[in-house]
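target-v9.txt follows; it contains compact mmCIF, C-alpha atoms.
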```
# COMPACT_ATOMS: atom_id res chain seq x y z
CA TRP Z 1 6.00 -31.78 -16.01
CA ARG Z 2 6.77 -32.70 -12.40
CA ALA Z 3 5.41 -31.80 -8.98
CA GLN Z 4 7.06 -28.82 -7.28
CA PRO Z 5 7.76 -28.44 -3.55
CA LYS Z 6 5.35 -26.35 -1.51
CA ALA Z 7 7.99 -23.60 -1.09
CA LEU Z 8 10.56 -23.16 -3.82
CA LEU Z 9 13.29 -20.77 -4.91
CA ALA Z 10 13.81 -20.05 -8.59
CA GLY Z 11 17.37 -18.98 -9.30
CA ASN Z 12 18.03 -16.11 -11.68
CA LEU Z 13 16.56 -16.85 -15.07
CA THR Z 14 17.92 -16.56 -18.60
CA GLN Z 15 15.08 -18.66 -20.02
CA PRO Z 16 11.34 -19.09 -19.33
CA LEU Z 17 10.08 -20.45 -16.02
CA LEU Z 18 7.05 -22.60 -16.80
CA LEU Z 19 4.70 -23.64 -14.01
CA ARG Z 20 1.35 -25.35 -14.53
CA SER Z 21 -1.30 -26.04 -11.90
CA THR Z 22 -3.47 -29.15 -11.88
CA GLY Z 23 -6.34 -27.27 -10.26
CA ARG Z 24 -7.15 -24.17 -8.31
CA VAL Z 25 -4.11 -23.01 -6.37
CA GLY Z 26 -3.02 -19.99 -4.35
CA VAL Z 27 0.46 -18.60 -4.95
CA LEU Z 28 2.48 -16.16 -2.86
CA GLY Z 29 5.61 -14.89 -4.57
CA ILE Z 30 8.48 -12.74 -3.32
CA ARG Z 31 10.54 -11.15 -6.06
CA LEU Z 32 14.20 -10.66 -5.14
CA TRP Z 33 16.92 -8.47 -6.49
CA PRO Z 34 19.22 -10.71 -8.59
CA HIS Z 35 21.98 -10.67 -5.98
CA GLY Z 36 19.52 -11.78 -3.30
CA VAL Z 37 19.65 -15.44 -4.36
CA GLY Z 38 22.98 -16.02 -2.62
CA ARG Z 39 21.41 -15.30 0.77
CA PHE Z 40 19.36 -18.49 0.48
CA VAL Z 41 21.81 -21.11 -0.74
CA ASP Z 42 25.08 -22.65 0.32
CA VAL Z 43 26.33 -23.29 -3.22
CA GLN Z 44 27.82 -20.92 -5.78
CA VAL Z 45 25.11 -18.68 -7.23
CA VAL Z 46 26.03 -19.63 -10.79
CA GLU Z 47 24.89 -23.18 -9.94
CA THR Z 48 21.37 -21.87 -9.25
CA LEU Z 49 20.95 -20.24 -12.67
CA ASN Z 50 17.67 -21.45 -14.24
CA VAL Z 51 17.25 -23.93 -11.36
CA ARG Z 52 14.27 -24.43 -9.05
CA MET Z 53 14.98 -25.79 -5.57
CA ALA Z 54 13.07 -26.51 -2.39
CA LEU Z 55 13.21 -23.93 0.40
CA GLY Z 56 13.33 -24.42 4.14
CA ARG Z 57 15.85 -27.24 4.32
CA GLY Z 58 19.48 -26.51 5.11
CA GLN Z 59 19.36 -22.74 4.77
CA ARG Z 60 21.35 -20.72 7.22
CA ASN Z 61 20.72 -18.60 10.28
CA GLN Z 62 17.57 -16.50 10.69
CA ILE Z 63 16.64 -16.85 7.03
CA GLY Z 64 16.49 -20.62 7.38
CA ALA Z 65 14.15 -20.36 10.36
CA ILE Z 66 11.72 -18.10 8.46
CA LEU Z 67 11.86 -20.30 5.38
CA ARG Z 68 10.87 -23.28 7.49
CA LYS Z 69 7.93 -21.23 8.81
CA LEU Z 70 6.93 -20.49 5.21
CA ASN Z 71 7.21 -24.12 4.26
CA ASP Z 72 5.16 -25.29 7.26
CA ALA Z 73 2.49 -22.54 7.15
CA SER Z 74 -0.99 -24.07 7.05
CA GLY Z 75 -3.10 -20.97 6.41
CA LYS Z 76 -3.04 -17.69 4.49
CA ASP Z 77 -2.47 -15.53 7.58
CA ALA Z 78 0.51 -17.61 8.75
CA LEU Z 79 1.96 -17.64 5.24
CA CYS Z 80 1.68 -13.86 4.83
CA ALA Z 81 3.13 -13.22 8.30
CA ALA Z 82 6.17 -15.38 7.52
CA ALA Z 83 6.59 -13.64 4.16
CA VAL Z 84 6.57 -10.21 5.83
CA ASP Z 85 9.18 -11.42 8.35
CA LEU Z 86 11.38 -12.60 5.49
CA VAL Z 87 11.14 -9.34 3.53
CA GLU Z 88 11.94 -7.30 6.65
CA LEU Z 89 14.93 -9.51 7.43
CA LEU Z 90 16.32 -9.33 3.90
CA SER Z 91 16.15 -5.53 3.99
CA LEU Z 92 18.77 -5.41 6.74
CA LYS Z 93 22.21 -4.22 5.67
CA GLU Z 94 23.92 -7.23 7.23
CA PHE Z 95 22.51 -9.43 4.48
CA LEU Z 96 24.01 -7.30 1.69
CA GLU Z 97 27.05 -9.35 0.71
CA ASP Z 98 28.58 -7.18 -2.04
CA THR Z 99 27.72 -3.49 -2.00
CA THR Z 100 29.58 -2.90 -5.28
CA VAL Z 101 27.44 -5.44 -7.12
CA ASP Z 102 24.34 -4.05 -5.41
CA ALA Z 103 25.09 -0.57 -6.76
CA THR Z 104 25.93 -1.87 -10.24
CA VAL Z 105 22.78 -3.98 -10.47
CA ARG Z 106 20.66 -0.99 -9.47
CA ASP Z 107 22.45 1.22 -12.02
CA ILE Z 108 21.82 -1.30 -14.82
CA VAL Z 109 18.16 -1.59 -13.86
CA ALA Z 110 17.78 2.20 -13.66
CA ALA Z 111 19.33 2.49 -17.16
CA ARG Z 112 16.94 -0.24 -18.38
CA GLY Z 113 19.92 -2.26 -19.56
CA GLN Z 114 21.17 0.43 -21.93
CA GLY Z 115 24.87 1.13 -21.53
CA GLN Z 116 28.35 -0.34 -21.78
CA VAL Z 117 30.07 -2.71 -19.36
CA GLU Z 118 33.09 -0.43 -19.31
CA PHE Z 119 30.96 2.46 -18.05
CA TRP Z 120 29.53 0.42 -15.17
CA ALA Z 121 32.95 -1.00 -14.34
CA ASP Z 122 34.44 2.49 -14.21
CA ALA Z 123 31.63 3.68 -11.94
CA ALA Z 124 32.39 0.75 -9.62
CA GLY Z 125 36.13 1.47 -9.64
CA LEU Z 126 36.87 -1.90 -11.25
CA SER Z 127 38.13 -3.22 -14.55
CA ALA Z 128 35.56 -4.79 -16.85
CA ARG Z 129 36.98 -8.23 -16.08
CA GLN Z 130 36.86 -7.65 -12.32
CA LEU Z 131 33.24 -6.52 -12.53
CA GLU Z 132 32.37 -9.57 -14.60
CA ARG Z 133 33.88 -11.91 -11.99
CA ARG Z 134 32.04 -10.12 -9.15
CA MET Z 135 28.72 -10.20 -11.02
CA ILE Z 136 29.01 -13.89 -11.90
CA ALA Z 137 29.80 -14.68 -8.26
CA ALA Z 138 26.84 -12.63 -6.98
CA ILE Z 139 24.10 -13.17 -9.59
CA GLY Z 140 25.37 -16.04 -11.73
CA MET Z 141 25.76 -14.07 -14.96
CA SER Z 142 27.91 -11.41 -16.57
CA PRO Z 143 26.91 -7.73 -16.56
CA LYS Z 144 26.43 -7.89 -20.34
CA LEU Z 145 23.95 -10.77 -20.10
CA PHE Z 146 22.18 -9.17 -17.16
CA ALA Z 147 21.82 -5.90 -19.06
CA SER Z 148 20.37 -7.79 -22.04
CA ILE Z 149 17.73 -9.36 -19.79
CA ILE Z 150 16.85 -6.01 -18.20
CA ARG Z 151 16.52 -4.43 -21.66
CA PHE Z 152 14.24 -7.32 -22.64
CA ARG Z 153 12.10 -6.76 -19.53
CA ALA Z 154 11.81 -3.08 -20.43
CA VAL Z 155 9.68 -4.11 -23.42
CA PHE Z 156 6.98 -5.30 -21.01
CA ASP Z 157 7.16 -2.00 -19.15
CA GLU Z 158 6.53 -0.18 -22.43
CA LEU Z 159 3.67 -2.46 -23.41
CA GLN Z 160 2.00 -2.03 -20.01
CA ALA Z 161 2.10 1.73 -20.56
CA GLY Z 162 0.54 1.53 -24.04
CA LYS Z 163 -1.34 -0.82 -26.31
CA PRO Z 164 -0.22 -4.44 -26.81
CA SER Z 165 -0.05 -3.83 -30.58
CA ALA Z 166 2.63 -1.13 -30.27
CA TRP Z 167 5.55 -3.55 -30.68
CA LEU Z 168 7.78 -1.30 -32.77
CA LYS Z 169 7.52 1.64 -30.37
CA ALA Z 170 8.15 -0.66 -27.40
CA ALA Z 171 11.22 -2.09 -29.12
CA ILE Z 172 12.74 1.29 -29.89
CA ASP Z 173 11.91 2.79 -26.49
CA SER Z 174 13.52 -0.22 -24.80
CA GLY Z 175 16.81 0.21 -26.64
CA TYR Z 176 16.43 -2.22 -29.54
CA PHE Z 177 17.47 -1.14 -33.02
CA ASP Z 178 14.24 -2.38 -34.58
CA GLN Z 179 11.44 -4.88 -34.12
CA ALA Z 180 13.50 -7.75 -35.56
CA HIS Z 181 16.18 -7.12 -32.93
CA MET Z 182 13.52 -7.39 -30.22
CA VAL Z 183 12.05 -10.57 -31.74
CA ARG Z 184 15.48 -12.22 -31.52
CA ALA Z 185 15.60 -11.31 -27.82
CA PHE Z 186 12.15 -12.84 -27.33
CA ASN Z 187 13.26 -16.06 -28.96
CA ARG Z 188 16.36 -16.11 -26.76
CA PHE Z 189 14.83 -15.26 -23.38
CA ALA Z 190 11.16 -16.28 -23.74
CA GLY Z 191 11.67 -19.22 -26.09
CA ARG Z 192 9.12 -18.00 -28.64
CA PRO Z 193 8.14 -14.93 -30.72
CA PRO Z 194 6.32 -12.05 -28.95
CA LYS Z 195 2.77 -12.68 -30.18
CA GLU Z 196 3.00 -16.41 -29.49
CA TYR Z 197 4.32 -15.69 -26.00
CA LEU Z 198 1.47 -13.32 -25.17
CA ARG Z 199 -1.13 -15.80 -26.39
CA SER Z 200 0.27 -18.54 -24.15
CA ALA Z 201 1.34 -16.52 -21.08
CA GLY Z 202 -0.69 -17.26 -17.95
CA LEU Z 203 -1.38 -15.06 -14.95
CA LEU Z 204 1.75 -16.22 -13.13
CA SER Z 205 3.94 -15.45 -16.13
CA SER Z 206 2.36 -12.00 -16.38
CA ALA Z 207 3.04 -11.32 -12.71
CA LEU Z 208 6.69 -12.28 -13.07
CA VAL Z 209 7.31 -9.78 -15.86
CA GLN Z 210 5.39 -6.87 -14.37
CA SER Z 211 7.37 -3.98 -12.94
CA ALA Z 212 8.14 -4.10 -9.26
CA ALA Z 213 6.40 -1.48 -7.12
CA LYS Z 214 8.51 1.63 -6.82
```

Here is a file; write its structure as structure tokens.
Amino acid sequence: WRAQPKALLAGNLTQPLLLRSTGRVGVLGIRLWPHGVGRFVDVQVVETLNVRMALGRGQRNQIGAILRKLNDASGKDALCAAAVDLVELLSLKEFLEDTTVDATVRDIVAARGQGQVEFWADAAGLSARQLERRMIAAIGMSPKLFASIIRFRAVFDELQAGKPSAWLKAAIDSGYFDQAHMVRAFNRFAGRPPKEYLRSAGLLSSALVQSAAK
């Protein structure tokens, strides 16, 4: 374990993000679309995969100014005000760097990760290889891997809608062939089997896997 900066950015994740507090702490999180990471960094997005980095130093333009306000905020009101400014700024079209990837990401999320790369590539007017290159450049991973992660997240959506014991139904409804198929995904993306993960997951982990507000 090591101390984290006051304001940090977690790149897109293909493995668990583990954070532990040493006492009572307040946390404000902003969840981005996967292709939003590139708006914060001056390196290739693939280099930020599964990486945590400090915010507010060296970022560009208006975003950098707001990040420095976030980093320097001394109270809850100032922190929330800076967060609202950042969300409003990121919603502007000028910060959307690849509209094709944006549409594809949203299609994959809407389909809950169920579908074929060729279908999404055709919808984007690209070959499968072209789409893969664009996705890796924008989110740091291939469309196939991204779809696998979204399908894995869909399990949590199913469990939130029902009882935590309904693993088989959640697996099938999320596009897995059976419960064993889902357990393999848990071991891959969460680093442990489902029941062990739920026993050890803290409040922050729960917040990160909950569905975004529609």

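Interatomic distance, atom CA of Pro193 of chain Z against atom CA of Phe156 of chain Z: 13.7 Å.
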
With 8 Å on each side, where is the centre of the axis-aligned box around all listed atoms of segment 19-29 of chain Z, and how long are its edges in Å to one decimal, as lines of an AutoDock Vina configuration file?
```
center_x = -0.8
center_y = -22.0
center_z = -8.7
size_x = 28.8
size_y = 30.3
size_z = 27.7
```

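In this structure, atom CA of Met141 of chain Z sits 18.4 Å away from atom CA of Phe186 of chain Z.
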
Query raised in the report: What is the atom CA of Ala111 of chain Z-atom CA of Leu17 of chain Z distance in Å, reported with one decimal?
Result: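 Interatomic distance here is 24.8 Å.
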
Query - Given all atoms listed in the file as the counted atoms, nearest of Z:Arg133, Z:Ala147, Z:Asn71, Z:Pro194 to Val117 of chain Z - result: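 Of Z:Arg133, Z:Ala147, Z:Asn71, Z:Pro194, the one nearest Val117 of chain Z is Z:Ala147, counting all atoms listed in the file.
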
Query - For Gln114 of chain Z, the nearest of the candidates Z:Arg31, Z:Arg39, Z:Lys195, Z:Arg151, counting only C-alpha atoms - result: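 Closest to Gln114 of chain Z of all the choices is Z:Arg151.
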
**Report entry** For Gly26 of chain Z, the nearest of the candidates Z:Val41, Z:Cys80, Z:Ala65, Z:Ala124, counting only C-alpha atoms
**Finding:** Z:Cys80
